[in-house]
Each structure stands twice: as structure tokens, then as C-alpha cells.
Amino acid sequence: MTPDASDTLTTQTTARAADAAVEPGSATPADLVGRVAKEVDAISEQLLQWRRDVHRHPEVSWQEERTTALVAGPLSQAGARVRRLPGTGALVEIGHAEPELRIGLRADLDALPVDEVTGLPFASQVPGACHACGHDVHTVGVLGAGLALLAMQEELLARRVAVRLIFQPAEETHPGGALKVLEHGGLEGVDRLLAVHCDPGVDVGHVGLRVGPITAASDMVHVALTGRGGHTSRPHLTQDLTYALGKVVTEVPAALSRRLDPRAAAVLVWGEVRAGSAPNVIPTRGEASGTLRMLDAETWETVRPLFTDIVESVVSPYGVTATVTYTQGVPPVENENASVVALSRAAMLLLGATSVEPTKQSMGGEDLGWYLQQVPGAMARLGTRTPGGPTFELHQGDLVVDESAVLVAAKVLAASVFTSLGPAGLQ
């Protein structure tokens with residue numbers, strides 16, 4: 001943030017606080033939601049500039065130094081208590097020092113190792129990296145929510161409420177940067193955790209919500225086979241590793257479907273298969289890597305030894321040696337009812353009664369699930385599609401989001417702090 005932008009932001013915040021006509025603590029949650037919208041609108045141009053800055057300078061997992069500094073600077077200057085995590089990421093405290101209720105708002109900072117092909121004027125300037133999952137929107141959305149809440153800090157203090165902004169690194173890795181945040185006390189004292197995630201299949205100005213699991217468990221699997229190679233004219237004198245690898249690729253998913261409860265909807269998909277370098281040579285090594293996803297948390301907790309057993313049984317007739325690397329990724333994100341209600345009320349008050357849409361559980365993984373094993377919370381799907389515009393896919397270099405989604409994210413997250421206080425006053 002430039003010095004001029006900082007001065008302008010400070011002046012606006014001071015003026016709005018001075019203009020508050022309602023005694024702190026006496027406004028209804030509905031009144032507070034309206035004020036949240038005004039606070040975000042007052043800094044909307046600056047928020048969009050920050051989002052373009054983050055988008056232009058993407059940083060992949062564990063390298064988010066510039067992005068961490070970008071969000072920490074304005075919040076610190078506006079009066080928040082900022083604690084940088086080792087390496088990258090930050091925890092930001094707003095509101096009462098000894099609260100009766102502490103709400104966490106979480107953003108993920110990292111980009112993907114994907115080339116951007118959007119042609120946007122603020123497209124990625126970093127070869128091989130871009131925000132193809134919309135984390136730039138999440139990041140600046142939480143930044144905007146924090147600045148709005150800082151402008152309303154007298155209301156938080158009067159209600160003995162605190163807010164912790166969690167700017168988390170490395171969501172796109174397994175098992176995810178959420179574990180680092182937990183290791184450094186990121187959830188200590190948090191009573192509820194809220195987040196949004198971009199959904200390019202939903203129009204901007206709408207959010208998707210459901211109670212219960214909204215994402216799937218997702219693990220990484222790698223199978224390496226080694227064996228005696230040789231000439232393709234004499235496969236009987238080898239262990240024909242390529243043939244055995246083909247069996248792993250086709251038969252392991254089939255066997256899993258017969259060994260697991262079908263209600264778990266377990267899906268093994270291979271993304272990388274490699275063996276050999278010549279058509280007439282049976283290699284001595286081959287490997288396959290992929291993801292194993294499932295909807296059911298109980299199955300996720302027990303599937304690892306079963307996967308290894310199936311791989312070994314599939315390759316045993318061919319005499320090859322299998323080495324299985326199973327990396328447990330993330331559990332499903334389980335949305336808690338009261339947290340869904342808080343997000344729904346905030347969205348409807350801000351965006352209208354029809355702004356909240358039911359959504360289905362997806363097979364995507366999200367390390368927010370690690371947090372929600374510790375505290376109740378919820379994630380909303382944030383609409384990013386321009387009405388009437390094209391539908392994009394996440395994790396693709398051509399992803400374009402409607403920029404107003406940044407402001408929607410900031411408003412809904414900040415307002416959800418106040419709708420978390422309960423139904424009183426929500427006329």
C-alpha cells in the first residue's frame with residue numbers, strides 16, 4: 001500500500017467512526033450488516049487494486065512472502081495486532097483482548113504452478129504461476145473484512161467480540177498449510193471459523209451453502225514398481241513391469257470399488273503414469289501417481305492400509321516389487337449448522353433473500369477441513385461468474401472472476417461476525 005493510500009484509508013476510517021450516530025453495542029445485527037456494506041464500499045477501489053496486485057504477483061505454496069506483507073501492512077497500520085508466522089502467513093487480531101466470542105476468518109494465500117492465459121491487463125507476471133483457484137479473491141476479501149471490522153471496532157469491544165484473521169500459506173499442497181497454522185496456535189481461543197471459496201459456476205452476488213460435508217477427503221498416492229527388465233521378445237525371462245503397472249492402473253480402482261462402502265463414493269484417478277523409454281525394452285522401473293477422493297470421513301480415516309494391500313495383491317503374480325507412498329491429504333469440510341446460518345443471514349441481508357443457493361458436496365479437497373475438526377465453522381461457495389458470462393473452471397490458466405466478488409467476500413465475511421451473535425435484532 002502506498003503512503004497516500006494509507007493516509008486516505010486512515011482518514012476515511014476516522015471520519016466514519018466519528019460519524020457513528022448509534023451508541024456502541026445498541027445497534028441491531030441488521031444495522032451492523034448495513035454499516036459493514038458501507039465500510040467496504042468506502043475502500044472498494046483500494047481493495048480491487050490490492051487484488052490486482054496480488055493477482056499480478058502470484059506466489060506458490062510456502063513462498064507467499066510478498067503476499068503476506070501486502071495484507072499485514074494495511075491491517076497493522078489500521079490498528080490490528082499482527083503476528084507473522086514463521087516463513088509465510090500471518091495471524092491478525094481485531095477487537096476485544098479478552099472476548100466472550102472469537103470468530104476466525106480464514107484466507108489462503110498461495111497460487112498454483114500454472115501458466116496464466118487470460119490476457120488480463122493485470123495477468124500474472126510470474127512464469128509458471130497464477131491464481132487459478134481464486135485465492136487472490138479470498139485473500140483480499142478477508143483483508144477487506146478485517147479493515148471494515150477495524151472501522152467498527154467500538155462495536156466489537158462493546159459486545160466483547162474478537163476476530164482473528166488467518167492468512168494461511170500452502171493450501172494447494174498436501175497435507176496443507178492449515179497444519180502449520182494449527183501447530184502455531186492459529187485456532188487457540190477461536191469459537192467459530194468462517195471462509196469462502198470461489199465458485200465460477202455461481203453468479204457473482206450469490207453464495208452456495210449446505211449443512212454437513214461440502215467438500216471431499218483427498219489423498220495423494222504414488223506406486224513405484226521395480227523388477228527385472230529385458231527384451232520385449234523374451235517377456236518370460238523378465239517380470240514385465242509395464243504390464244504389471246497397467247494392472248495397477250486399471251485393477252486397483254476396480255478393487256477399491258468392491259472393498260469400500262459405495263456410499264463413500266471413493267474415486268481413484270491417476271494423473272501421471274510413467275514406464276520405459278523404448279518400444280522394445282521392458283523397463284526395470286515404472287510409477288503411477290494420482291488422487292484418492294471420498295465423501296465419507298470415516299472411510300478416509302481407514303483406507304490407507306487397504307490401498308496398500310490391494311496394490312500388493314494386484315502385482316504379486318508378476319513378481320515385481322511395489323513401493324506405495326500414501327500421503328494423507330485433507331478431511332472433508334463439514335459445515336456446522338449455526339455457522340451456515342450466520343453466513344446465510346449475512347448474505348441475505350447484504351445481497352437479498354434469493355442470494356443464498358443450495359450447493360452439493362464436491363469431490364474437491366480443501367484443508368479448511370483440518371480446522372473444522374477442531375472448531376465449528378463453515379465455508380461458503382462464493383459466486384464469481386459475471387451474469388450471462390462464460391463459466392470457467394478452477395485450476396485452469398484461463399480462469400477469470402468477476403472482480404465484484406472481492407467486495408462480496410469482504411462484506412459477507414465481516415457481516416457474518418455480527419450475525420454470529422444470534423437472531424436478536426434481525427428484523
# chains A, B, ... in the order shown; residues from 1 in each chain; ligands from 1
>>> residues_around(residues="segment 364-381 of chain A", least_positions_apart="4", cutoff="9 Å", atoms="only C-alpha atoms", output="MDAnalysis selection string")
chainID A and resid 104 106 171:179 182 187 190:199 202 206:212 214:219 293 329:340 343:344 359
>>> select_by_dssp(residues="segment 281-332 of chain A", states="strand (DSSP E or B)", output="PyMOL selection string")
chain A and resi 281-282+285-294+321-330
>>> residues_around(residues="segment 26-41 of chain A", least_positions_apart="2", cutoff="6 Å", atoms="only C-alpha atoms", output="list in words")
Glu23, Pro24, Ile43, Ser44, Ala148, Lys411, Ala415, Phe418, Thr419, Gly425 and Leu426 of chain A
>>> atom_distance(atom1="atom CA of Val406 of chain A", atom2="atom CA of Arg83 of chain A")
24.0 Å
>>> atom_distance(atom1="atom CA of Gln49 of chain A", atom2="atom CA of Leu147 of chain A")
14.8 Å
>>> select_by_dssp(residues="segment 44-204 of chain A", states="alpha helix (DSSP H)", output="number ranges by chain")
A: 44-56, 65-77, 135-151, 153-158, 178-183
>>> write_last_selection(atoms="C-alpha atoms", output="PDB file, in the first residue's frame")
ATOM      1  CA  SER A  44     -13.697  -0.702  -2.619  1.00  0.00           C
ATOM      2  CA  GLU A  45     -11.303   0.826  -5.152  1.00  0.00           C
ATOM      3  CA  GLN A  46      -8.327   0.184  -2.899  1.00  0.00           C
ATOM      4  CA  LEU A  47      -9.430  -3.422  -2.370  1.00  0.00           C
ATOM      5  CA  LEU A  48      -9.652  -4.000  -6.119  1.00  0.00           C
ATOM      6  CA  GLN A  49      -6.201  -2.507  -6.579  1.00  0.00           C
ATOM      7  CA  TRP A  50      -4.795  -4.839  -3.941  1.00  0.00           C
ATOM      8  CA  ARG A  51      -6.475  -7.810  -5.554  1.00  0.00           C
ATOM      9  CA  ARG A  52      -4.951  -6.939  -8.940  1.00  0.00           C
ATOM     10  CA  ASP A  53      -1.579  -6.559  -7.261  1.00  0.00           C
ATOM     11  CA  VAL A  54      -1.813  -9.996  -5.658  1.00  0.00           C
ATOM     12  CA  HIS A  55      -3.032 -11.468  -8.938  1.00  0.00           C
ATOM     13  CA  ARG A  56      -0.153  -9.895 -10.854  1.00  0.00           C
ATOM     14  CA  GLU A  65       6.326 -13.627   1.367  1.00  0.00           C
ATOM     15  CA  ARG A  66       5.177 -10.657  -0.729  1.00  0.00           C
ATOM     16  CA  THR A  67       1.507 -11.561  -0.335  1.00  0.00           C
ATOM     17  CA  THR A  68       1.879 -11.876   3.445  1.00  0.00           C
ATOM     18  CA  ALA A  69       3.485  -8.437   3.614  1.00  0.00           C
ATOM     19  CA  LEU A  70       0.780  -6.918   1.421  1.00  0.00           C
ATOM     20  CA  VAL A  71      -2.037  -7.967   3.762  1.00  0.00           C
ATOM     21  CA  ALA A  72      -0.134  -7.414   7.023  1.00  0.00           C
ATOM     22  CA  GLY A  73       0.830  -3.814   6.207  1.00  0.00           C
ATOM     23  CA  PRO A  74      -2.607  -2.178   5.882  1.00  0.00           C
ATOM     24  CA  LEU A  75      -4.029  -4.114   8.829  1.00  0.00           C
ATOM     25  CA  SER A  76      -1.154  -3.172  11.098  1.00  0.00           C
ATOM     26  CA  GLN A  77      -1.405   0.484  10.053  1.00  0.00           C
ATOM     27  CA  HIS A 135      -7.023 -17.394  -3.674  1.00  0.00           C
ATOM     28  CA  ASP A 136      -6.289 -13.768  -4.533  1.00  0.00           C
ATOM     29  CA  VAL A 137     -10.020 -13.122  -4.106  1.00  0.00           C
ATOM     30  CA  HIS A 138     -10.099 -14.977  -0.778  1.00  0.00           C
ATOM     31  CA  THR A 139      -7.033 -13.111   0.475  1.00  0.00           C
ATOM     32  CA  VAL A 140      -8.214  -9.603  -0.319  1.00  0.00           C
ATOM     33  CA  GLY A 141     -11.751 -10.498   0.735  1.00  0.00           C
ATOM     34  CA  VAL A 142     -10.507 -11.287   4.245  1.00  0.00           C
ATOM     35  CA  LEU A 143      -8.266  -8.204   4.168  1.00  0.00           C
ATOM     36  CA  GLY A 144     -11.307  -6.063   3.318  1.00  0.00           C
ATOM     37  CA  ALA A 145     -13.389  -7.736   6.012  1.00  0.00           C
ATOM     38  CA  GLY A 146     -10.654  -7.007   8.540  1.00  0.00           C
ATOM     39  CA  LEU A 147     -10.423  -3.331   7.606  1.00  0.00           C
ATOM     40  CA  ALA A 148     -14.212  -2.966   7.812  1.00  0.00           C
ATOM     41  CA  LEU A 149     -14.217  -4.591  11.248  1.00  0.00           C
ATOM     42  CA  LEU A 150     -11.386  -2.342  12.417  1.00  0.00           C
ATOM     43  CA  ALA A 151     -13.517   0.645  11.417  1.00  0.00           C
ATOM     44  CA  GLN A 153     -14.043  -1.891  16.463  1.00  0.00           C
ATOM     45  CA  GLU A 154     -16.087   0.010  19.033  1.00  0.00           C
ATOM     46  CA  GLU A 155     -18.963  -2.384  18.269  1.00  0.00           C
ATOM     47  CA  LEU A 156     -16.724  -5.405  18.791  1.00  0.00           C
ATOM     48  CA  LEU A 157     -15.431  -4.024  22.061  1.00  0.00           C
ATOM     49  CA  ALA A 158     -18.919  -3.235  23.344  1.00  0.00           C
ATOM     50  CA  ALA A 178      -3.542 -25.481   7.760  1.00  0.00           C
ATOM     51  CA  LEU A 179      -1.476 -27.898   9.832  1.00  0.00           C
ATOM     52  CA  LYS A 180       1.258 -25.266  10.172  1.00  0.00           C
ATOM     53  CA  VAL A 181      -1.315 -22.740  11.398  1.00  0.00           C
ATOM     54  CA  LEU A 182      -2.598 -25.246  13.941  1.00  0.00           C
ATOM     55  CA  GLU A 183       0.954 -26.007  15.066  1.00  0.00           C
TER      56      GLU A 183
END
